[in-house]
Structures are given as C-alpha cells and as structure tokens.
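*Asks:* Following this line is input33.csv, made up of CSV, N, CA and C atoms:
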```
chain,number,residue,atom,x,y,z
A,1,MET,N,114.4,69.7,88.8
A,1,MET,CA,113.4,70.4,88.1
A,1,MET,C,113.3,71.8,88.7
A,2,ASN,N,112.7,72.7,88.0
A,2,ASN,CA,112.6,74.1,88.4
A,2,ASN,C,111.2,74.5,88.8
A,3,GLU,N,111.1,75.6,89.5
A,3,GLU,CA,109.8,76.2,89.8
A,3,GLU,C,109.2,76.5,88.4
A,4,GLY,N,107.9,76.4,88.4
A,4,GLY,CA,107.2,76.6,87.1
A,4,GLY,C,107.0,75.4,86.3
A,5,GLU,N,107.6,74.3,86.7
A,5,GLU,CA,107.4,73.0,86.0
A,5,GLU,C,106.6,72.1,86.8
A,6,THR,N,106.3,70.9,86.3
A,6,THR,CA,105.4,69.9,87.0
A,6,THR,C,106.3,68.8,87.5
A,7,ALA,N,106.2,68.6,88.8
A,7,ALA,CA,106.9,67.5,89.5
A,7,ALA,C,106.0,66.2,89.3
A,8,SER,N,106.6,65.1,88.9
A,8,SER,CA,105.8,63.9,88.7
A,8,SER,C,106.5,62.7,89.5
A,9,PHE,N,105.6,62.1,90.2
A,9,PHE,CA,106.0,60.8,90.9
A,9,PHE,C,105.2,59.7,90.3
A,10,ILE,N,105.9,58.6,90.1
A,10,ILE,CA,105.3,57.4,89.6
A,10,ILE,C,105.3,56.3,90.7
A,11,ILE,N,104.1,55.8,91.0
A,11,ILE,CA,104.0,54.7,92.0
A,11,ILE,C,103.9,53.4,91.2
A,12,ASN,N,104.8,52.5,91.2
A,12,ASN,CA,104.8,51.2,90.5
A,12,ASN,C,104.4,50.1,91.5
A,13,THR,N,103.5,49.2,91.1
A,13,THR,CA,103.0,48.1,91.9
A,13,THR,C,103.1,46.8,91.1
A,14,THR,N,102.9,45.7,91.9
A,14,THR,CA,102.8,44.4,91.3
A,14,THR,C,101.6,43.7,91.8
A,15,GLY,N,100.8,43.2,90.9
A,15,GLY,CA,99.6,42.5,91.4
A,15,GLY,C,98.5,43.3,92.1
A,16,VAL,N,98.5,44.6,91.9
A,16,VAL,CA,97.5,45.4,92.5
A,16,VAL,C,96.4,45.6,91.4
A,17,SER,N,95.1,45.4,91.8
A,17,SER,CA,94.0,45.5,90.9
A,17,SER,C,93.8,47.0,90.4
A,18,ASP,N,93.5,47.1,89.1
A,18,ASP,CA,93.1,48.4,88.6
A,18,ASP,C,92.0,49.1,89.4
A,19,GLY,N,92.1,50.4,89.7
A,19,GLY,CA,91.1,51.1,90.4
A,19,GLY,C,91.4,51.1,91.9
A,20,THR,N,92.4,50.4,92.4
A,20,THR,CA,92.8,50.5,93.8
A,20,THR,C,93.4,51.8,94.1
A,21,SER,N,93.0,52.4,95.2
A,21,SER,CA,93.5,53.7,95.7
A,21,SER,C,94.7,53.5,96.6
A,22,VAL,N,95.7,54.2,96.3
A,22,VAL,CA,97.0,54.2,97.1
A,22,VAL,C,97.1,55.5,97.8
A,23,SER,N,97.2,55.5,99.2
A,23,SER,CA,97.3,56.7,100.0
A,23,SER,C,98.8,57.0,100.2
A,24,PHE,N,99.1,58.3,100.3
A,24,PHE,CA,100.4,58.8,100.5
A,24,PHE,C,100.4,60.1,101.2
A,25,VAL,N,101.5,60.6,101.6
A,25,VAL,CA,101.7,61.9,102.2
A,25,VAL,C,102.8,62.6,101.5
A,26,ILE,N,102.6,63.9,101.2
A,26,ILE,CA,103.7,64.7,100.5
A,26,ILE,C,104.2,65.7,101.5
A,27,THR,N,105.5,65.7,101.7
A,27,THR,CA,106.1,66.7,102.7
A,27,THR,C,107.1,67.5,101.9
A,28,GLY,N,107.6,68.6,102.6
A,28,GLY,CA,108.6,69.4,102.0
A,28,GLY,C,108.1,70.6,101.2
A,29,ILE,N,106.8,70.6,100.8
A,29,ILE,CA,106.2,71.7,100.1
A,29,ILE,C,104.8,71.8,100.7
A,30,THR,N,104.2,73.0,100.4
A,30,THR,CA,102.8,73.2,100.9
A,30,THR,C,101.9,73.6,99.7
A,31,ASN,N,100.6,73.7,100.1
A,31,ASN,CA,99.7,74.1,99.0
A,31,ASN,C,100.1,75.4,98.3
A,32,ASP,N,100.7,76.3,99.1
A,32,ASP,CA,101.1,77.6,98.5
A,32,ASP,C,102.2,77.4,97.4
A,33,ASP,N,102.9,76.3,97.4
A,33,ASP,CA,103.9,76.1,96.3
A,33,ASP,C,103.3,75.6,95.0
A,34,LEU,N,102.0,75.2,95.0
A,34,LEU,CA,101.3,74.7,93.9
A,34,LEU,C,100.6,75.7,93.0
A,35,GLU,N,100.5,75.5,91.7
A,35,GLU,CA,99.7,76.3,90.9
A,35,GLU,C,98.2,76.2,91.3
A,36,ASP,N,97.4,77.2,91.1
A,36,ASP,CA,96.0,77.2,91.5
A,36,ASP,C,95.2,76.1,90.8
A,37,THR,N,95.7,75.6,89.7
A,37,THR,CA,95.0,74.6,88.9
A,37,THR,C,94.8,73.3,89.8
A,38,LEU,N,95.8,73.0,90.7
A,38,LEU,CA,95.7,71.9,91.6
A,38,LEU,C,95.1,72.3,92.9
A,39,GLY,N,95.6,73.4,93.5
A,39,GLY,CA,95.1,73.9,94.7
A,39,GLY,C,95.6,73.3,96.0
A,40,VAL,N,95.4,72.0,96.2
A,40,VAL,CA,95.9,71.3,97.4
A,40,VAL,C,96.7,70.1,97.1
A,41,LEU,N,97.6,69.7,98.0
A,41,LEU,CA,98.4,68.6,97.8
A,41,LEU,C,97.5,67.3,97.8
A,42,PRO,N,97.7,66.4,96.8
A,42,PRO,CA,96.9,65.2,96.8
A,42,PRO,C,97.3,64.3,97.9
A,43,THR,N,96.5,63.3,98.3
A,43,THR,CA,96.8,62.3,99.3
A,43,THR,C,96.5,60.9,98.8
A,44,SER,N,96.1,60.8,97.6
A,44,SER,CA,95.9,59.4,97.0
A,44,SER,C,96.0,59.4,95.5
A,45,ALA,N,96.2,58.2,94.9
A,45,ALA,CA,96.2,58.1,93.5
A,45,ALA,C,95.6,56.7,93.2
A,46,THR,N,95.1,56.6,92.0
A,46,THR,CA,94.4,55.3,91.6
A,46,THR,C,95.4,54.5,90.7
A,47,ILE,N,95.5,53.3,91.0
A,47,ILE,CA,96.4,52.3,90.3
A,47,ILE,C,95.7,51.9,89.0
A,48,MET,N,96.4,52.0,87.9
A,48,MET,CA,95.9,51.5,86.6
A,48,MET,C,97.1,50.8,85.9
A,49,SER,N,97.0,49.6,85.5
A,49,SER,CA,98.0,48.8,84.9
A,49,SER,C,99.3,48.8,85.7
A,50,ASN,N,99.1,48.6,87.0
A,50,ASN,CA,100.2,48.5,88.0
A,50,ASN,C,101.0,49.7,88.2
A,51,SER,N,100.5,50.9,88.0
A,51,SER,CA,101.1,52.2,88.3
A,51,SER,C,100.1,53.3,88.4
A,52,ALA,N,100.6,54.3,89.1
A,52,ALA,CA,99.8,55.6,89.2
A,52,ALA,C,100.8,56.7,89.1
A,53,GLN,N,100.3,57.8,88.5
A,53,GLN,CA,101.2,59.0,88.4
A,53,GLN,C,100.6,60.1,89.3
A,54,VAL,N,101.5,60.8,90.0
A,54,VAL,CA,101.1,61.9,90.9
A,54,VAL,C,101.8,63.1,90.3
A,55,SER,N,101.0,64.1,89.8
A,55,SER,CA,101.6,65.3,89.2
A,55,SER,C,101.4,66.5,90.0
A,56,LEU,N,102.4,67.3,90.3
A,56,LEU,CA,102.3,68.5,91.1
A,56,LEU,C,102.8,69.7,90.3
A,57,PRO,N,101.9,70.5,89.8
A,57,PRO,CA,102.4,71.7,89.1
A,57,PRO,C,102.9,72.8,90.1
A,58,ILE,N,104.2,73.0,90.0
A,58,ILE,CA,104.8,73.9,91.0
A,58,ILE,C,104.8,75.3,90.5
A,59,LYS,N,104.4,76.2,91.4
A,59,LYS,CA,104.3,77.6,91.1
A,59,LYS,C,105.7,78.3,91.0
A,60,ALA,N,105.8,79.1,90.0
A,60,ALA,CA,107.0,79.9,89.9
A,60,ALA,C,106.8,81.2,90.6
A,61,ASP,N,106.9,81.2,91.9
A,61,ASP,CA,106.6,82.4,92.7
A,61,ASP,C,107.8,83.3,92.6
A,62,GLN,N,107.7,84.5,93.2
A,62,GLN,CA,108.7,85.5,93.1
A,62,GLN,C,109.4,85.7,94.4
A,63,THR,N,109.4,84.6,95.2
A,63,THR,CA,110.0,84.7,96.5
A,63,THR,C,111.3,83.8,96.5
A,64,THR,N,112.4,84.4,96.9
A,64,THR,CA,113.6,83.6,97.0
A,64,THR,C,113.6,82.9,98.3
A,65,GLU,N,113.6,81.6,98.2
A,65,GLU,CA,113.4,80.8,99.4
A,65,GLU,C,114.4,79.6,99.5
A,66,GLY,N,115.2,79.4,98.5
A,66,GLY,CA,116.1,78.3,98.4
A,66,GLY,C,115.4,77.1,97.8
A,67,ASN,N,116.2,76.1,97.5
A,67,ASN,CA,115.6,74.9,96.9
A,67,ASN,C,114.8,74.2,97.9
A,68,GLU,N,113.8,73.4,97.4
A,68,GLU,CA,112.9,72.7,98.3
A,68,GLU,C,112.9,71.2,97.8
A,69,THR,N,112.6,70.3,98.7
A,69,THR,CA,112.5,68.9,98.4
A,69,THR,C,111.1,68.4,98.6
A,70,ALA,N,110.4,68.0,97.6
A,70,ALA,CA,109.1,67.4,97.7
A,70,ALA,C,109.3,65.9,97.9
A,71,LYS,N,108.7,65.3,99.0
A,71,LYS,CA,108.9,63.9,99.3
A,71,LYS,C,107.6,63.2,99.4
A,72,LEU,N,107.4,62.1,98.6
A,72,LEU,CA,106.2,61.3,98.7
A,72,LEU,C,106.5,60.1,99.5
A,73,THR,N,105.6,59.8,100.5
A,73,THR,CA,105.8,58.6,101.3
A,73,THR,C,104.5,57.8,101.3
A,74,LEU,N,104.6,56.5,101.0
A,74,LEU,CA,103.3,55.7,101.0
A,74,LEU,C,102.8,55.6,102.4
A,75,SER,N,101.5,55.7,102.6
A,75,SER,CA,100.9,55.6,103.9
A,75,SER,C,101.0,54.1,104.4
A,76,SER,N,100.9,53.2,103.5
A,76,SER,CA,100.9,51.8,103.9
A,76,SER,C,102.3,51.2,104.2
A,77,ASP,N,103.3,51.9,103.8
A,77,ASP,CA,104.7,51.5,104.0
A,77,ASP,C,105.6,52.7,104.0
A,78,PRO,N,105.8,53.3,105.2
A,78,PRO,CA,106.6,54.6,105.3
A,78,PRO,C,108.1,54.4,104.8
A,79,THR,N,108.5,53.2,104.6
A,79,THR,CA,109.9,53.0,104.1
A,79,THR,C,110.0,53.2,102.6
A,80,LYS,N,108.8,53.3,101.9
A,80,LYS,CA,108.7,53.5,100.5
A,80,LYS,C,108.5,55.0,100.2
A,81,THR,N,109.6,55.7,99.8
A,81,THR,CA,109.6,57.1,99.6
A,81,THR,C,110.2,57.4,98.2
A,82,ALA,N,109.9,58.6,97.7
A,82,ALA,CA,110.6,59.2,96.6
A,82,ALA,C,110.7,60.7,96.8
A,83,SER,N,111.7,61.3,96.3
A,83,SER,CA,112.0,62.7,96.5
A,83,SER,C,112.3,63.4,95.2
A,84,ILE,N,111.9,64.7,95.1
A,84,ILE,CA,112.3,65.5,93.9
A,84,ILE,C,112.7,66.8,94.5
A,85,ILE,N,113.9,67.3,94.0
A,85,ILE,CA,114.4,68.6,94.4
A,85,ILE,C,113.8,69.6,93.4
A,86,ILE,N,113.3,70.7,94.0
A,86,ILE,CA,112.7,71.8,93.2
A,86,ILE,C,113.6,73.0,93.3
A,87,ASN,N,114.3,73.3,92.2
A,87,ASN,CA,115.2,74.4,92.2
A,87,ASN,C,114.5,75.8,92.3
A,88,ASP,N,114.9,76.6,93.2
A,88,ASP,CA,114.3,78.0,93.4
A,88,ASP,C,114.9,78.9,92.3
A,89,THR,N,114.1,79.2,91.3
A,89,THR,CA,114.5,80.0,90.2
A,89,THR,C,114.1,81.5,90.4
A,90,SER,N,113.4,81.8,91.5
A,90,SER,CA,112.9,83.1,91.8
A,90,SER,C,114.0,84.0,92.3
A,91,ILE,N,114.0,85.2,91.9
A,91,ILE,CA,115.0,86.2,92.4
A,91,ILE,C,114.1,87.3,93.0
A,92,THR,N,114.2,87.5,94.3
A,92,THR,CA,113.4,88.6,94.9
A,92,THR,C,114.1,89.9,94.4
A,93,PRO,N,113.2,90.8,93.9
A,93,PRO,CA,113.8,92.1,93.4
A,93,PRO,C,114.5,92.8,94.5
A,94,THR,N,115.6,93.5,94.2
A,94,THR,CA,116.3,94.3,95.2
A,94,THR,C,115.4,95.6,95.4
A,95,PRO,N,115.1,95.9,96.6
A,95,PRO,CA,114.3,97.1,96.8
A,95,PRO,C,115.0,98.3,96.4
A,96,THR,N,114.2,99.2,95.9
A,96,THR,CA,114.8,100.5,95.5
A,96,THR,C,114.8,101.4,96.7
A,97,PRO,N,115.9,102.0,97.1
A,97,PRO,CA,116.0,102.8,98.3
A,97,PRO,C,115.1,104.1,98.0
A,98,THR,N,114.5,104.5,99.1
A,98,THR,CA,113.8,105.8,99.1
A,98,THR,C,114.8,106.9,99.1
A,99,PRO,N,114.7,107.9,98.2
A,99,PRO,CA,115.7,109.0,98.2
A,99,PRO,C,115.5,109.8,99.5
A,100,THR,N,116.6,110.3,100.0
A,100,THR,CA,116.5,111.2,101.1
A,100,THR,C,116.3,112.6,100.6
A,101,PRO,N,115.3,113.3,101.1
A,101,PRO,CA,115.0,114.7,100.6
A,101,PRO,C,116.1,115.6,100.9
A,102,THR,N,116.4,116.5,100.0
A,102,THR,CA,117.4,117.5,100.1
A,102,THR,C,116.8,118.7,100.8
A,103,PRO,N,117.4,119.1,101.9
A,103,PRO,CA,116.7,120.3,102.6
A,103,PRO,C,116.9,121.5,101.8
A,104,THR,N,115.8,122.3,101.8
A,104,THR,CA,115.8,123.6,101.1
A,104,THR,C,116.4,124.7,102.0
A,105,PRO,N,117.4,125.4,101.5
A,105,PRO,CA,118.0,126.4,102.4
A,105,PRO,C,117.0,127.5,102.9
A,106,SER,N,117.1,127.8,104.1
A,106,SER,CA,116.2,128.8,104.6
A,106,SER,C,116.6,130.2,104.3
A,107,GLY,N,115.7,131.1,104.2
A,107,GLY,CA,116.0,132.5,103.9
A,107,GLY,C,116.3,132.7,102.4
A,108,SER,N,115.7,131.9,101.6
A,108,SER,CA,116.0,132.1,100.2
A,108,SER,C,115.2,133.3,99.6
A,109,GLY,N,115.6,133.8,98.6
A,109,GLY,CA,115.0,135.0,98.0
A,109,GLY,C,115.9,136.1,98.0
A,110,SER,N,115.4,137.3,97.5
A,110,SER,CA,116.3,138.4,97.5
A,110,SER,C,116.1,139.3,98.7
A,111,GLY,N,117.1,140.0,99.0
A,111,GLY,CA,117.0,140.8,100.2
A,111,GLY,C,118.1,141.9,100.2
A,112,SER,N,117.9,142.9,101.0
A,112,SER,CA,118.9,143.9,101.1
A,112,SER,C,119.5,143.9,102.4
A,113,GLY,N,120.7,144.3,102.5
A,113,GLY,CA,121.4,144.3,103.8
A,113,GLY,C,121.9,142.9,104.2
A,114,GLY,N,122.2,142.8,105.4
A,114,GLY,CA,122.8,141.5,105.9
A,114,GLY,C,121.7,140.5,106.1
A,115,GLY,N,122.1,139.2,106.0
A,115,GLY,CA,121.3,138.1,106.4
A,115,GLY,C,120.3,137.7,105.4
A,116,GLY,N,120.2,138.3,104.2
A,116,GLY,CA,119.2,138.0,103.3
A,116,GLY,C,119.4,136.6,102.6
A,117,GLY,N,120.6,136.2,102.4
A,117,GLY,CA,120.9,134.9,101.9
A,117,GLY,C,120.3,134.6,100.6
A,118,GLY,N,121.1,134.2,99.6
A,118,GLY,CA,120.6,133.7,98.3
A,118,GLY,C,120.1,134.7,97.4
A,119,GLY,N,120.2,136.0,97.7
A,119,GLY,CA,119.7,137.0,96.8
A,119,GLY,C,120.7,137.2,95.6
A,120,SER,N,120.2,137.9,94.6
A,120,SER,CA,121.1,138.3,93.5
A,120,SER,C,121.1,139.8,93.4
A,121,ILE,N,122.2,140.3,92.9
A,121,ILE,CA,122.4,141.8,92.7
A,121,ILE,C,122.2,142.2,91.3
```
The structure given in the file should be rewritten as structure tokens.

*Replies:*
Amino acid sequence: MNEGETASFIINTTGVSDGTSVSFVITGITNDDLEDTLGVLPTSATIMSNSAQVSLPIKADQTTEGNETAKLTLSSDPTKTASIIINDTSITPTPTPTPTPTPTPSGSGSGSGGGGGGGSI
C-alpha cells in the first residue's frame, strides 16, 4: 500500500463474544504518520461477528523516509502479529541553490586620464 491510503488490519477470532475489546500494539509507525482524522495510533478494537477491523489512514507526507512497516501485535498473545508495508511515495523536493552574487567592478563610470576604468569615449 502507498502513503495517502488506509492500512487495514482484520483481527479474526473464534468463539469471542460480540462487544469484547481486544488490545494490541502497533509499531513501525508513529502518530505523525497518520492523517489528522485519526490523530493517535489505536490500542484496541471491538469484536463483532468474530472479527474486528483496525483502519489506519496514512498521511502522504512530503518527506522522503523510505518504506515503513506497520506491525500489529496482540497484547494477549505476542506471537500473533500482522504487518503491512507502506511504500514511501514522497519525493523531497531538490533544494534550489542560492545564486552567488556577481561582484560589481569597482571604479565604474566615466573618467579622464588613467585609472578611470569602464568609461566611454
């Protein structure tokens, strides 16, 4: 999946009552990686019909940082994990170099005799 899209994890269960909260930890990304609509990484989901969905709207930032891997790990059983690779689609703009000023020749203007420099006849 790419930045700017929503990462979705599905937690499937068997025999878990509707309304049961399942705790988890998400690693590999931070709150800064999320769209402001979500704000913070969730830490739980509610089971309905033996599953729960965790949706993470990933921000399309303008920072080139490389691909990231979001990993969800169940708190009750750390051997139960799922991962999603988030492709970095941002390209940090190439900075525009500041032009070097061209020095102005000294002694410009018209003059007579020697050393006037730059004058016209």

*Asks:* For a quick check of understanding, using only C-alpha atoms, which of A:Ile11, A:Ile86, A:Leu34, A:Leu74 has the smallest distance to A:Asn50?

*Replies:*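 Looking only at the distances to A:Asn50, the closest residue turns out to be A:Ile11.
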
*Asks:* Please, what distance in Å, to one decimal, runs between atom CA of A:Ala7 and atom N of A:Thr37?

*Replies:* 13.8 Å

*Asks:* Give me, as a list in words, all polymer residues having an atom no more than 6.5 Å from A:Ser8, counting all atoms listed in the file and skipping those fewer than 5 positions away in the same chain.

*Replies:*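 My reading of the contact set: Gln53, Val54, Ser55 and Leu56 of chain A.
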
*Asks:* Could those selected residues go to a file with N, CA and C atoms, as a JSON list (two decimals), in the frame of the given file?

*Replies:*
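Produced file out.json, reproduced below:
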```json
[["chain", "number", "residue", "atom", "x", "y", "z"],
["A", 53, "GLN", "N", 100.30, 57.80, 88.50],
["A", 53, "GLN", "CA", 101.20, 59.00, 88.40],
["A", 53, "GLN", "C", 100.60, 60.10, 89.30],
["A", 54, "VAL", "N", 101.50, 60.80, 90.00],
["A", 54, "VAL", "CA", 101.10, 61.90, 90.90],
["A", 54, "VAL", "C", 101.80, 63.10, 90.30],
["A", 55, "SER", "N", 101.00, 64.10, 89.80],
["A", 55, "SER", "CA", 101.60, 65.30, 89.20],
["A", 55, "SER", "C", 101.40, 66.50, 90.00],
["A", 56, "LEU", "N", 102.40, 67.30, 90.30],
["A", 56, "LEU", "CA", 102.30, 68.50, 91.10],
["A", 56, "LEU", "C", 102.80, 69.70, 90.30]]
```

*Asks:* From the options A:Thr27, A:Thr89, A:Thr94, A:Ser49, which residue's atoms come nearest to A:Thr73, counting only C-alpha atoms?

*Replies:*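 So, comparing all the options, the nearest one is A:Thr27.
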
*Asks:* For A:Ser51, which of A:Glu5, A:Glu65, A:Asp33, A:Asp18 is the closest residue, counting all atoms listed in the file?

*Replies:*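 Smallest separation from A:Ser51 among the options: A:Asp18.
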